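Containing TSV, C-alpha atoms: model.tsv.
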```tsv
chain	number	residue	atom	x	y	z
A	13	MET	CA	-26.86	-16.79	-47.04
A	14	MET	CA	-29.96	-17.96	-48.72
A	15	THR	CA	-31.42	-14.67	-49.86
A	16	ASP	CA	-35.03	-15.70	-49.93
A	17	ASN	CA	-36.50	-18.66	-48.17
A	18	THR	CA	-39.69	-18.74	-50.18
A	19	GLU	CA	-39.02	-19.19	-53.83
A	20	SER	CA	-42.44	-17.94	-54.86
A	21	ARG	CA	-42.25	-14.81	-52.75
A	22	PRO	CA	-40.20	-12.53	-54.99
A	23	VAL	CA	-42.52	-13.34	-57.83
A	24	PHE	CA	-45.57	-12.79	-55.69
A	25	HIS	CA	-44.26	-9.52	-54.39
A	26	SER	CA	-43.58	-8.34	-57.90
A	27	LEU	CA	-47.32	-8.80	-58.49
A	28	LEU	CA	-48.02	-6.39	-55.68
A	29	GLU	CA	-45.52	-3.92	-57.08
A	30	LEU	CA	-46.77	-4.28	-60.63
A	31	HIS	CA	-50.51	-4.33	-60.08
A	32	GLY	CA	-51.22	-3.22	-56.51
A	33	ARG	CA	-51.76	0.38	-57.41
A	34	GLU	CA	-54.09	-0.20	-60.34
A	35	LEU	CA	-56.11	-2.76	-58.40
A	36	TYR	CA	-56.51	-0.29	-55.58
A	37	ALA	CA	-57.74	2.32	-58.05
A	38	TYR	CA	-60.13	-0.24	-59.54
A	39	LEU	CA	-61.57	-1.12	-56.14
A	40	TRP	CA	-61.68	2.53	-55.16
A	41	ARG	CA	-63.80	3.35	-58.20
A	42	MET	CA	-66.00	0.30	-57.75
A	43	LEU	CA	-66.67	0.81	-54.07
A	44	GLY	CA	-66.59	4.56	-53.76
A	45	HIS	CA	-65.03	4.33	-50.33
A	46	ARG	CA	-61.37	4.52	-49.42
A	47	GLU	CA	-61.43	2.18	-46.43
A	48	ASP	CA	-63.61	-0.35	-48.22
A	49	ALA	CA	-61.17	-0.27	-51.10
A	50	GLU	CA	-58.26	-0.76	-48.70
A	51	ASP	CA	-59.97	-3.70	-47.00
A	52	CYS	CA	-60.74	-5.29	-50.34
A	53	LEU	CA	-57.24	-4.75	-51.66
A	54	GLN	CA	-55.82	-6.52	-48.62
A	55	ASP	CA	-58.31	-9.34	-48.99
A	56	THR	CA	-57.51	-9.63	-52.70
A	57	PHE	CA	-53.80	-10.08	-52.10
A	58	LEU	CA	-54.23	-12.47	-49.19
A	59	ARG	CA	-56.49	-14.64	-51.31
A	60	ALA	CA	-54.05	-14.39	-54.19
A	61	PHE	CA	-51.18	-15.35	-51.90
A	62	ARG	CA	-52.99	-18.43	-50.65
A	63	ALA	CA	-53.86	-19.49	-54.19
A	64	PHE	CA	-50.50	-18.55	-55.66
A	65	GLU	CA	-49.09	-22.01	-55.18
A	66	ARG	CA	-51.71	-23.42	-57.50
A	67	THR	CA	-51.14	-20.98	-60.34
A	68	ASN	CA	-49.17	-21.66	-63.49
A	69	ALA	CA	-46.36	-19.51	-64.75
A	70	ASP	CA	-48.15	-19.06	-68.07
A	71	TRP	CA	-51.26	-17.53	-66.48
A	72	ASN	CA	-52.04	-13.91	-67.02
A	73	TYR	CA	-51.56	-12.75	-63.46
A	74	ARG	CA	-53.05	-9.34	-64.10
A	75	ALA	CA	-56.36	-10.83	-65.24
A	76	TRP	CA	-56.21	-13.33	-62.37
A	77	LEU	CA	-55.81	-10.53	-59.83
A	78	TYR	CA	-58.69	-8.56	-61.37
A	79	LYS	CA	-60.80	-11.67	-61.11
A	80	ILE	CA	-60.04	-12.04	-57.42
A	81	ALA	CA	-60.53	-8.32	-56.76
A	82	THR	CA	-63.87	-8.41	-58.58
A	83	ASN	CA	-65.07	-11.35	-56.49
A	84	VAL	CA	-63.88	-9.69	-53.30
A	85	ALA	CA	-65.69	-6.48	-54.24
A	86	ARG	CA	-68.90	-8.36	-55.02
A	87	THR	CA	-68.84	-10.18	-51.69
A	88	HIS	CA	-68.08	-6.94	-49.92
A	89	MET	CA	-71.04	-5.18	-51.55
A	90	LYS	CA	-73.39	-8.00	-50.66
A	91	ARG	CA	-72.42	-7.65	-47.02
A	92	GLY	CA	-73.62	-4.08	-47.14
A	93	ARG	CA	-71.36	-1.14	-47.42
A	94	ARG	CA	-70.50	2.17	-46.04
A	95	GLN	CA	-71.74	5.42	-47.42
A	96	ASP	CA	-70.28	6.39	-50.74
A	97	LEU	CA	-67.69	8.81	-49.44
A	98	LEU	CA	-66.34	9.74	-52.81
A	99	LEU	CA	-69.43	11.92	-53.03
A	100	GLU	CA	-67.86	13.90	-50.22
A	101	SER	CA	-64.62	14.27	-52.11
A	102	GLU	CA	-63.50	17.74	-52.99
A	103	ALA	CA	-65.19	19.13	-56.01
A	104	ASP	CA	-63.18	20.69	-58.76
A	105	PRO	CA	-61.31	23.52	-56.99
A	106	TYR	CA	-61.98	25.82	-59.92
A	107	GLN	CA	-65.68	25.52	-59.34
A	108	VAL	CA	-65.78	27.98	-56.51
A	109	ASN	CA	-69.40	28.83	-57.02
A	110	PRO	CA	-71.24	26.90	-54.27
A	111	LEU	CA	-74.18	26.28	-56.53
A	112	GLU	CA	-71.88	24.69	-59.03
A	113	VAL	CA	-70.29	22.60	-56.29
A	114	ILE	CA	-73.69	21.30	-55.33
A	115	ALA	CA	-74.57	20.70	-58.96
A	116	HIS	CA	-71.30	18.81	-59.39
A	117	LYS	CA	-72.00	16.61	-56.39
A	118	GLU	CA	-75.48	15.87	-57.58
A	119	GLN	CA	-74.13	14.94	-60.93
A	120	VAL	CA	-71.50	12.63	-59.47
A	121	SER	CA	-74.12	11.07	-57.27
A	122	LYS	CA	-76.45	10.52	-60.20
A	123	VAL	CA	-73.75	8.92	-62.33
A	124	ARG	CA	-72.63	6.62	-59.56
A	125	SER	CA	-76.12	5.48	-58.69
A	126	GLU	CA	-76.97	4.83	-62.34
A	127	MET	CA	-73.72	2.91	-62.69
A	128	GLU	CA	-74.75	0.78	-59.73
A	129	ARG	CA	-78.08	0.00	-61.36
A	130	LEU	CA	-76.27	-1.77	-64.17
A	131	SER	CA	-75.60	-5.46	-63.77
A	132	PHE	CA	-72.47	-6.20	-61.78
A	133	ARG	CA	-70.77	-7.67	-64.83
A	134	GLN	CA	-71.60	-4.71	-67.02
A	135	ARG	CA	-70.28	-2.35	-64.41
A	136	THR	CA	-67.04	-4.25	-63.80
A	137	ALA	CA	-66.49	-4.70	-67.54
A	138	ILE	CA	-66.89	-0.96	-68.11
A	139	MET	CA	-64.50	-0.14	-65.28
A	140	MET	CA	-61.89	-2.59	-66.51
A	141	ARG	CA	-62.17	-1.52	-70.14
A	142	LYS	CA	-62.49	2.23	-69.78
A	143	TYR	CA	-60.58	3.02	-66.60
A	144	SER	CA	-58.16	0.13	-66.01
A	145	ASP	CA	-57.32	-0.20	-69.67
A	146	LEU	CA	-57.70	-3.98	-69.87
A	147	ASP	CA	-58.39	-5.42	-73.32
A	148	TYR	CA	-61.32	-7.73	-73.91
A	149	ASP	CA	-59.21	-10.88	-73.70
A	150	LEU	CA	-58.12	-9.96	-70.18
A	151	ILE	CA	-61.61	-8.88	-69.14
A	152	ALA	CA	-62.92	-12.19	-70.45
A	153	GLU	CA	-60.40	-14.04	-68.25
A	154	ALA	CA	-61.27	-11.93	-65.25
A	155	LEU	CA	-65.00	-12.41	-65.70
A	156	ASP	CA	-64.86	-16.03	-66.87
A	157	CYS	CA	-66.56	-15.34	-70.15
A	158	THR	CA	-65.65	-15.01	-73.81
A	159	PRO	CA	-64.12	-11.80	-75.17
A	160	GLU	CA	-67.32	-11.31	-77.19
A	161	THR	CA	-69.40	-11.44	-74.05
A	162	ALA	CA	-67.03	-9.04	-72.31
A	163	ARG	CA	-67.39	-6.66	-75.23
A	164	ALA	CA	-71.17	-7.00	-75.10
A	165	HIS	CA	-71.16	-6.19	-71.37
A	166	VAL	CA	-69.29	-2.96	-72.02
A	167	TYR	CA	-71.39	-2.04	-75.02
A	168	GLN	CA	-74.77	-2.81	-73.45
A	169	GLY	CA	-73.79	-1.22	-70.18
A	170	LEU	CA	-72.68	2.02	-71.77
A	171	LYS	CA	-75.77	2.12	-73.97
A	172	ARG	CA	-78.05	1.71	-70.98
A	173	LEU	CA	-76.07	4.22	-68.97
A	174	ARG	CA	-76.17	6.80	-71.73
A	175	LYS	CA	-79.93	6.45	-71.96
A	176	ARG	CA	-80.49	6.74	-68.24
A	177	LEU	CA	-78.21	9.72	-67.88
A	178	GLN	CA	-79.90	11.56	-70.72
A	179	SER	CA	-81.85	13.80	-68.36
A	180	THR	CA	-78.70	14.70	-66.44
A	181	LEU	CA	-76.95	15.53	-69.67
A	182	VAL	CA	-79.80	17.75	-70.76
A	183	ALA	CA	-79.82	19.49	-67.40
A	184	GLU	CA	-76.09	20.02	-67.59
A	185	GLY	CA	-76.44	21.41	-71.07
A	186	SER	CA	-79.03	23.94	-69.90
A	187	ASN	CA	-76.71	24.98	-67.05
A	188	HIS	CA	-74.22	26.24	-69.53
A	189	ALA	CA	-76.83	27.99	-71.61
B	192	MET	CA	-54.30	16.10	-55.08
B	193	ARG	CA	-56.48	13.92	-57.26
B	194	ASN	CA	-55.13	12.72	-60.54
B	195	GLY	CA	-56.33	14.90	-63.36
B	196	TYR	CA	-58.94	13.68	-65.77
B	197	ARG	CA	-57.39	11.31	-68.18
B	198	ALA	CA	-58.11	13.34	-71.26
B	199	GLU	CA	-55.35	11.54	-73.16
B	200	LYS	CA	-57.21	8.23	-72.91
B	201	PRO	CA	-59.46	8.10	-75.96
B	202	TRP	CA	-62.87	6.53	-75.88
B	203	LEU	CA	-63.28	3.62	-78.23
B	204	ASP	CA	-66.45	2.23	-79.70
B	205	ASP	CA	-67.50	-1.37	-79.80
B	206	ASP	CA	-65.01	-2.07	-82.58
B	207	GLU	CA	-62.16	-0.33	-80.78
B	208	ARG	CA	-62.36	2.72	-83.03
B	209	VAL	CA	-61.67	6.04	-81.40
B	210	ILE	CA	-64.82	8.06	-80.97
B	211	GLU	CA	-65.24	11.76	-80.36
B	212	PRO	CA	-65.81	12.55	-76.70
B	213	ASP	CA	-69.27	13.88	-76.01
B	214	GLU	CA	-71.22	15.07	-72.99
B	215	PHE	CA	-71.83	11.52	-71.88
B	216	THR	CA	-68.20	10.37	-72.01
B	217	ASP	CA	-67.10	13.64	-70.40
B	218	LEU	CA	-69.55	13.04	-67.58
B	219	LEU	CA	-68.28	9.51	-66.94
B	220	ASP	CA	-64.69	10.72	-67.07
B	221	THR	CA	-65.50	13.46	-64.58
B	222	VAL	CA	-66.65	10.83	-62.11
B	223	TYR	CA	-64.34	7.91	-62.82
B	224	SER	CA	-61.10	8.95	-64.42
B	225	GLN	CA	-59.91	10.36	-61.15
B	226	GLY	CA	-58.30	7.71	-59.02
B	227	PRO	CA	-56.98	7.59	-55.47
B	228	ASP	CA	-54.07	9.94	-54.86
B	229	GLY	CA	-50.49	8.73	-54.49
B	230	GLU	CA	-50.43	8.97	-50.71
B	231	GLU	CA	-53.61	6.93	-50.39
B	232	SER	CA	-52.28	4.25	-52.71
B	233	ARG	CA	-48.99	4.03	-50.81
B	234	ARG	CA	-50.84	3.58	-47.56
B	235	ALA	CA	-53.09	0.89	-49.00
B	236	LEU	CA	-50.10	-0.99	-50.44
B	237	ALA	CA	-48.13	-0.71	-47.20
B	238	ARG	CA	-51.06	-2.25	-45.38
B	239	VAL	CA	-51.12	-5.16	-47.82
B	240	GLU	CA	-47.35	-5.62	-47.38
B	241	GLY	CA	-47.80	-5.74	-43.62
B	242	SER	CA	-50.61	-8.26	-43.68
B	243	LEU	CA	-48.78	-10.50	-46.13
B	244	LYS	CA	-45.78	-10.51	-43.85
B	245	GLU	CA	-47.90	-11.34	-40.84
B	246	TYR	CA	-49.76	-14.04	-42.73
B	247	GLY	CA	-46.56	-15.61	-44.00
B	248	SER	CA	-44.87	-15.71	-40.60
B	249	ASP	CA	-47.78	-17.55	-39.09
B	250	ARG	CA	-47.52	-20.49	-41.43
B	251	LEU	CA	-45.39	-23.50	-42.16
B	252	TYR	CA	-44.76	-24.97	-45.56
B	253	TYR	CA	-43.54	-28.49	-45.92
B	254	ASP	CA	-42.34	-30.94	-48.46
B	255	VAL	CA	-41.11	-34.51	-48.51
B	256	LEU	CA	-37.75	-35.56	-49.86
B	257	SER	CA	-38.33	-39.20	-50.72
B	258	ALA	CA	-35.12	-40.34	-52.36
B	259	THR	CA	-32.67	-40.33	-49.45
B	260	PRO	CA	-30.51	-43.14	-48.08
B	261	PHE	CA	-32.69	-43.03	-44.94
B	262	GLY	CA	-36.16	-43.08	-46.44
B	263	PRO	CA	-38.48	-40.10	-46.71
B	264	ILE	CA	-37.44	-36.94	-44.90
B	265	TYR	CA	-40.03	-34.29	-44.07
B	266	ILE	CA	-39.02	-30.64	-44.11
B	267	ALA	CA	-40.96	-27.72	-42.61
B	268	MET	CA	-40.17	-24.16	-43.44
B	269	SER	CA	-41.49	-20.94	-41.96
B	270	ASP	CA	-41.06	-17.42	-43.20
B	271	LYS	CA	-37.89	-17.22	-41.10
B	272	GLY	CA	-36.24	-20.43	-42.16
B	273	VAL	CA	-36.17	-24.19	-41.73
B	274	ALA	CA	-38.22	-25.07	-38.67
B	275	ALA	CA	-38.03	-28.85	-38.71
B	276	LEU	CA	-36.61	-31.84	-40.46
B	277	GLY	CA	-38.33	-35.10	-39.61
B	278	PHE	CA	-37.79	-38.82	-39.96
B	279	ASP	CA	-41.45	-39.41	-39.13
B	280	ASP	CA	-43.12	-42.68	-40.05
B	281	SER	CA	-45.72	-41.01	-42.23
B	282	GLU	CA	-46.69	-37.66	-43.62
B	283	GLN	CA	-49.67	-37.63	-41.27
B	284	ASP	CA	-47.42	-38.24	-38.25
B	285	PHE	CA	-45.22	-35.37	-39.31
B	286	LEU	CA	-48.17	-33.02	-39.82
B	287	THR	CA	-49.68	-33.93	-36.49
B	288	ARG	CA	-46.36	-33.36	-34.76
B	289	MET	CA	-45.87	-29.99	-36.50
B	290	GLY	CA	-49.42	-28.91	-35.69
B	291	ARG	CA	-48.91	-29.67	-32.00
B	292	ARG	CA	-45.52	-28.08	-31.81
B	293	TYR	CA	-46.12	-24.89	-33.77
B	294	ARG	CA	-49.91	-24.45	-33.60
B	295	THR	CA	-50.01	-22.94	-37.01
B	296	PRO	CA	-51.37	-24.03	-40.39
B	297	VAL	CA	-49.06	-26.38	-42.28
B	298	GLU	CA	-49.30	-26.38	-46.05
B	299	ARG	CA	-47.53	-28.50	-48.59
B	300	SER	CA	-45.45	-26.39	-50.93
B	301	ARG	CA	-42.69	-27.66	-53.12
B	302	THR	CA	-41.55	-24.16	-54.06
B	303	HIS	CA	-41.26	-22.76	-50.54
B	304	VAL	CA	-39.02	-25.62	-49.48
B	305	ALA	CA	-37.18	-26.13	-52.78
B	306	GLN	CA	-33.89	-24.59	-51.75
B	307	VAL	CA	-33.63	-26.86	-48.71
B	308	THR	CA	-34.50	-30.01	-50.60
B	309	GLU	CA	-31.94	-29.11	-53.27
B	310	GLN	CA	-29.21	-28.67	-50.66
B	311	LEU	CA	-30.14	-31.93	-48.98
B	312	LYS	CA	-29.98	-33.77	-52.31
B	313	ASP	CA	-26.51	-32.31	-52.89
B	314	TYR	CA	-25.47	-33.31	-49.39
B	315	PHE	CA	-26.57	-36.92	-49.87
B	316	ALA	CA	-24.81	-36.96	-53.24
B	317	GLY	CA	-21.58	-35.85	-51.55
B	318	LYS	CA	-21.61	-32.54	-53.40
B	319	ARG	CA	-22.07	-30.35	-50.32
B	320	ASP	CA	-20.81	-30.59	-46.75
B	321	SER	CA	-22.63	-27.71	-45.08
B	322	PHE	CA	-25.98	-25.99	-45.41
B	323	ASP	CA	-26.68	-22.45	-46.30
B	324	VAL	CA	-30.24	-21.84	-45.16
B	325	PRO	CA	-31.70	-19.69	-42.37
B	326	LEU	CA	-33.09	-21.61	-39.41
B	327	ASP	CA	-36.22	-20.94	-37.41
B	328	LEU	CA	-35.39	-22.12	-33.89
B	329	ARG	CA	-38.36	-20.63	-32.08
B	330	SER	CA	-39.45	-23.96	-30.63
B	331	ILE	CA	-36.33	-24.69	-28.55
B	332	THR	CA	-35.06	-23.66	-25.12
B	333	PRO	CA	-32.20	-21.19	-24.62
B	334	PHE	CA	-29.92	-24.01	-23.42
B	335	GLN	CA	-30.71	-26.06	-26.51
B	336	ARG	CA	-29.99	-23.04	-28.63
B	337	VAL	CA	-26.49	-22.79	-27.12
B	338	VAL	CA	-25.79	-26.49	-27.58
B	339	LEU	CA	-27.08	-26.59	-31.14
B	340	GLY	CA	-25.10	-23.44	-31.91
B	341	ALA	CA	-21.94	-25.13	-30.61
B	342	ILE	CA	-22.40	-28.33	-32.63
B	343	GLN	CA	-22.83	-26.23	-35.76
B	344	GLN	CA	-19.25	-25.06	-35.23
B	345	ILE	CA	-17.99	-28.62	-35.75
B	346	PRO	CA	-17.23	-28.91	-39.48
B	347	SER	CA	-18.06	-31.86	-41.68
B	348	GLY	CA	-15.48	-34.65	-41.34
B	349	GLU	CA	-14.88	-33.97	-37.64
B	350	THR	CA	-16.55	-35.13	-34.46
B	351	ILE	CA	-16.60	-34.06	-30.81
B	352	SER	CA	-17.54	-35.86	-27.60
B	353	TYR	CA	-20.61	-34.87	-25.56
B	354	GLY	CA	-18.21	-33.87	-22.75
B	355	GLY	CA	-16.08	-31.88	-25.16
B	356	LEU	CA	-19.13	-30.01	-26.34
B	357	ALA	CA	-20.17	-29.37	-22.72
B	358	ARG	CA	-16.74	-27.85	-22.05
B	359	ARG	CA	-17.04	-25.74	-25.18
B	360	ILE	CA	-20.18	-24.09	-23.90
B	361	GLY	CA	-18.60	-23.55	-20.48
B	362	LYS	CA	-20.57	-26.28	-18.66
B	363	PRO	CA	-18.01	-29.05	-18.22
B	364	GLY	CA	-20.28	-31.22	-16.06
B	365	ALA	CA	-23.25	-31.08	-18.40
B	366	ALA	CA	-22.39	-33.86	-20.89
B	367	ARG	CA	-25.73	-35.63	-20.27
B	368	ALA	CA	-27.76	-32.45	-20.62
B	369	VAL	CA	-25.84	-31.72	-23.81
B	370	GLY	CA	-26.72	-35.19	-25.09
B	371	ARG	CA	-30.40	-34.62	-24.32
B	372	ALA	CA	-30.35	-31.21	-26.01
B	373	LEU	CA	-28.84	-32.77	-29.11
B	374	GLY	CA	-31.36	-35.61	-28.94
B	375	SER	CA	-34.24	-33.18	-29.35
B	376	ASN	CA	-32.63	-31.30	-32.20
B	377	PRO	CA	-35.60	-30.21	-34.36
B	378	ILE	CA	-33.48	-29.97	-37.52
B	379	PRO	CA	-31.18	-33.02	-37.65
B	380	ILE	CA	-28.65	-33.32	-40.51
B	381	ILE	CA	-28.77	-29.55	-41.15
B	382	ILE	CA	-27.83	-28.97	-37.51
B	383	PRO	CA	-25.25	-31.78	-37.37
B	384	CYS	CA	-25.99	-33.35	-33.99
B	385	HIS	CA	-24.66	-36.62	-35.45
B	386	ARG	CA	-21.15	-35.20	-35.05
B	387	ALA	CA	-21.26	-35.63	-31.24
B	388	LEU	CA	-19.97	-38.99	-29.99
B	389	ALA	CA	-19.61	-40.76	-26.65
B	390	ALA	CA	-16.43	-40.14	-24.63
B	391	ASP	CA	-14.98	-43.53	-25.66
B	392	GLY	CA	-15.41	-42.66	-29.35
B	393	SER	CA	-18.40	-44.94	-29.81
B	394	LEU	CA	-21.45	-43.62	-31.61
B	395	GLY	CA	-23.56	-42.85	-28.56
B	396	GLY	CA	-27.20	-42.35	-29.53
B	397	TYR	CA	-29.26	-41.00	-32.39
B	398	SER	CA	-32.95	-40.31	-32.31
B	399	GLY	CA	-33.51	-40.14	-36.06
B	400	ARG	CA	-34.97	-43.06	-38.03
B	401	GLY	CA	-32.54	-45.99	-38.08
B	402	GLY	CA	-30.89	-44.79	-34.85
B	403	VAL	CA	-27.12	-45.15	-34.66
B	404	ARG	CA	-26.98	-46.83	-38.08
B	405	THR	CA	-28.20	-43.57	-39.60
B	406	LYS	CA	-25.72	-41.66	-37.49
B	407	GLN	CA	-22.91	-43.88	-38.69
B	408	ALA	CA	-24.02	-43.51	-42.30
B	409	LEU	CA	-24.06	-39.72	-41.98
B	410	LEU	CA	-20.56	-39.73	-40.49
B	411	SER	CA	-19.34	-42.07	-43.24
B	412	LEU	CA	-20.80	-39.75	-45.83
B	413	GLU	CA	-18.77	-36.95	-44.26
B	414	GLY	CA	-15.65	-39.08	-44.10
B	415	ALA	CA	-15.57	-39.07	-40.30
B	416	TRP	CA	-16.28	-42.76	-39.76
B	417	GLY	CA	-14.96	-46.02	-41.07
```
Before we go any further, please render this structure as structure tokens.
Amino acid sequence: MMTDNTESRPVFHSLLELHGRELYAYLWRMLGHREDAEDCLQDTFLRAFRAFERTNADWNYRAWLYKIATNVARTHMKRGRRQDLLLESEADPYQVNPLEVIAHKEQVSKVRSEMERLSFRQRTAIMMRKYSDLDYDLIAEALDCTPETARAHVYQGLKRLRKRLQSTLVAEGSNHA
Amino acid sequence: MRNGYRAEKPWLDDDERVIEPDEFTDLLDTVYSQGPDGEESRRALARVEGSLKEYGSDRLYYDVLSATPFGPIYIAMSDKGVAALGFDDSEQDFLTRMGRRYRTPVERSRTHVAQVTEQLKDYFAGKRDSFDVPLDLRSITPFQRVVLGAIQQIPSGETISYGGLARRIGKPGAARAVGRALGSNPIPIIIPCHRALAADGSLGGYSGRGGVRTKQALLSLEGAWG
């Protein structure tokens, strides 16, 4: 028996096995909503599957998939999105004090909204660098820019974020005082 | 369970040097280093698997094998197997015919069809006398399925009469119907309808390009004629 009737399939499926989980986590962080992330993951892999025929074996498939996922996420956000449900996610179970739970949620909410005020490229570059562990060469491929520009996105984005979150940091500091 | 904060992942500065975590990096980590839990990820991936499967099954891939003794041969492949092999006059004719018959997108793909084209090349080169590929016979009638199943039992180098085949499937009077069923074989060559002959041993008919000359050439190739 012919074991697989689509020569490209085993390779394509290995992409899902290798990178599906991290791409889901990436979309989950970007979108802040489980079902949105699921929808976008599905869309990412369907688009990838359709384009797979036109890829070259020497491509970096991980960067390619991040590129598609990033475009899918951007389109999805433009269409309007559901409420950021990650804000509803359980707070740290050790923070049993309800006031602290509320404070934690407010903090999460503040960080996420400041993150969203960054440019889309800064935000995606930060997510890829800091939480998906992509190096700047891969981020550059995913964002269609040079590694230097990718690095600048991360650097500028974090700098801006740090400045804007200063008040939250101060408030948090006083909480512990 | 959420994944724990990824404390082991150091923060790096612009020059990739490890920096000391501070309130700011801790705050970002609090929000972002947690990811979806394992169960959530599994569900999301299973959904992708399912939709890929569905997408693939609703699609035909095709390729053209140009260098054959009978001119270009068009091959269509679904997720389940070979759906059609055509002697059409042009690629456009083939695509139009496939579109009407299967009502599904048809995409050119060398890789999806590669194994079939390889086996066909070997067959024409005399290096192979049977095919080892799954078939997608969704477009045929149950009677045709029986007839085509029976002709597949006739090995390379042998032939059978239409009447003989009718007897084999338990319908001794149905030689003509058997002939018609073979005549609309969607996957000629791979399903060897050319191995059925008229009762007097003459070639009978062949609906592929070149008609009975092609049939005779195929039988010669298999050592069953001339």
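Close to (-53.8, 7.2, -54.3), meaning no more than 10 Å away when counting all atoms listed in the file, sit the residues Arg33, Glu34, Tyr36, Ala37, Trp40 and Arg46 of chain A; Met192, Arg193, Asn194, Gln225, Gly226, Pro227, Asp228, Gly229, Glu230, Glu231, Ser232, Arg233, Arg234, Ala235 and Leu236 of chain B.
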File of the preceding selection, C-alpha atoms, as a short mmCIF file (atom, residue, chain, number, x, y, z; two decimals), keeping the file's coordinate frame:
```cif
data_model
loop_
_atom_site.label_atom_id
_atom_site.label_comp_id
_atom_site.auth_asym_id
_atom_site.auth_seq_id
_atom_site.Cartn_x
_atom_site.Cartn_y
_atom_site.Cartn_z
CA ARG A 33 -51.76 0.38 -57.41
CA GLU A 34 -54.09 -0.20 -60.34
CA TYR A 36 -56.51 -0.29 -55.58
CA ALA A 37 -57.74 2.32 -58.05
CA TRP A 40 -61.68 2.53 -55.16
CA ARG A 46 -61.37 4.52 -49.42
CA MET B 192 -54.30 16.10 -55.08
CA ARG B 193 -56.48 13.92 -57.26
CA ASN B 194 -55.13 12.72 -60.54
CA GLN B 225 -59.91 10.36 -61.15
CA GLY B 226 -58.30 7.71 -59.02
CA PRO B 227 -56.98 7.59 -55.47
CA ASP B 228 -54.07 9.94 -54.86
CA GLY B 229 -50.49 8.73 -54.49
CA GLU B 230 -50.43 8.97 -50.71
CA GLU B 231 -53.61 6.93 -50.39
CA SER B 232 -52.28 4.25 -52.71
CA ARG B 233 -48.99 4.03 -50.81
CA ARG B 234 -50.84 3.58 -47.56
CA ALA B 235 -53.09 0.89 -49.00
CA LEU B 236 -50.10 -0.99 -50.44
#
```
Closest pair table for chain B residues within 7 Å of chain A, all atoms listed in the file, as a Markdown table:
```
| residue | atom | partner | partner_atom | distance |
| --- | --- | --- | --- | --- |
| B:Asp205 | CA | A:Tyr167 | CA | 6.2 |
| B:Glu214 | CA | A:Leu181 | CA | 6.6 |
| B:Phe215 | CA | A:Arg174 | CA | 6.4 |
| B:Val222 | CA | A:Val120 | CA | 5.8 |
| B:Tyr223 | CA | A:Arg41 | CA | 6.5 |
| B:Ser224 | CA | A:Tyr143 | CA | 6.3 |
| B:Gly226 | CA | A:Ala37 | CA | 5.5 |
| B:Pro227 | CA | A:Ala37 | CA | 5.9 |
| B:Ser232 | CA | A:Arg33 | CA | 6.1 |
| B:Ala235 | CA | A:Glu50 | CA | 5.4 |
| B:Leu236 | CA | A:Gly32 | CA | 6.6 |
| B:Val239 | CA | A:Gln54 | CA | 5.0 |
| B:Leu243 | CA | A:Leu58 | CA | 6.6 |
| B:Asp270 | CA | A:Asn17 | CA | 6.9 |
| B:Gly272 | CA | A:Asn17 | CA | 6.3 |
| B:Thr302 | CA | A:Glu19 | CA | 5.6 |
| B:His303 | CA | A:Thr18 | CA | 4.3 |
| B:Val304 | CA | A:Thr18 | CA | 6.9 |
| B:Asp323 | CA | A:Met13 | CA | 5.7 |
| B:Val324 | CA | A:Met14 | CA | 5.3 |
| B:Pro325 | CA | A:Met14 | CA | 6.8 |
```
Exercise. Which of these, B:Ala267, B:Leu410, B:Ala415, B:Leu356, has the shortest distance to B:Thr295 once you count all atoms listed in the file?
Worked result: B:Ala267
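Closest approach to A:Asp156 from the set A:Lys90, A:Lys171, A:Glu128, A:Trp76 is made by A:Trp76, with distances taken over all atoms listed in the file.
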For this session: Provide the atom CA of B:Ala237 to atom CA of A:Val84 distance in Å, to one decimal place.
Result: 19.1 Å
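Our summary of the geometry notes that atom CA of B:Arg359 is positioned 24.5 Å from atom CA of B:Ser411.
Of the residues under consideration (B:Ile378, B:Leu326, B:Leu251, B:Met268), B:Leu251 shows the shortest atom-to-atom contact distance to B:Gly290 when counting all atoms listed in the file.
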Exercise. Residues at most 12 Å from B:Gly414, counting all atoms listed in the file, excluding those fewer than 4 positions away in the same chain, as a PyMOL selection string?
Worked result: chain B and resi 317+320+346-350+386+407-410
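Minimum distance to B:Gly262 across B:Pro333, B:Gly277, B:Gly364, B:Gly370 (counting all atoms listed in the file) occurs at B:Gly277.
For the pair atom CA of B:Arg291 and atom CA of B:Ala372, the separation is 19.6 Å.
The residue that comes closest to B:Gln306, out of B:Asp254, B:Asp280, B:Asp206, B:Asp217 and on the basis of all atoms listed in the file, is B:Asp254.
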For this session: Skip B:Pro201 itself and residues of its chain fewer than 4 positions away, then list as a list of chain:residue names all residues within 9 Å of it, counting only C-alpha atoms.
Result: B:Arg197, B:Val209, B:Ile210, B:Glu211, B:Pro212
For this session: Rank A:Asn68, A:His45, A:Thr161, A:Ala75 by their smallest atom-to-atom distance to A:His31, using all atoms listed in the file, and report the top residue only.
Result: A:Ala75
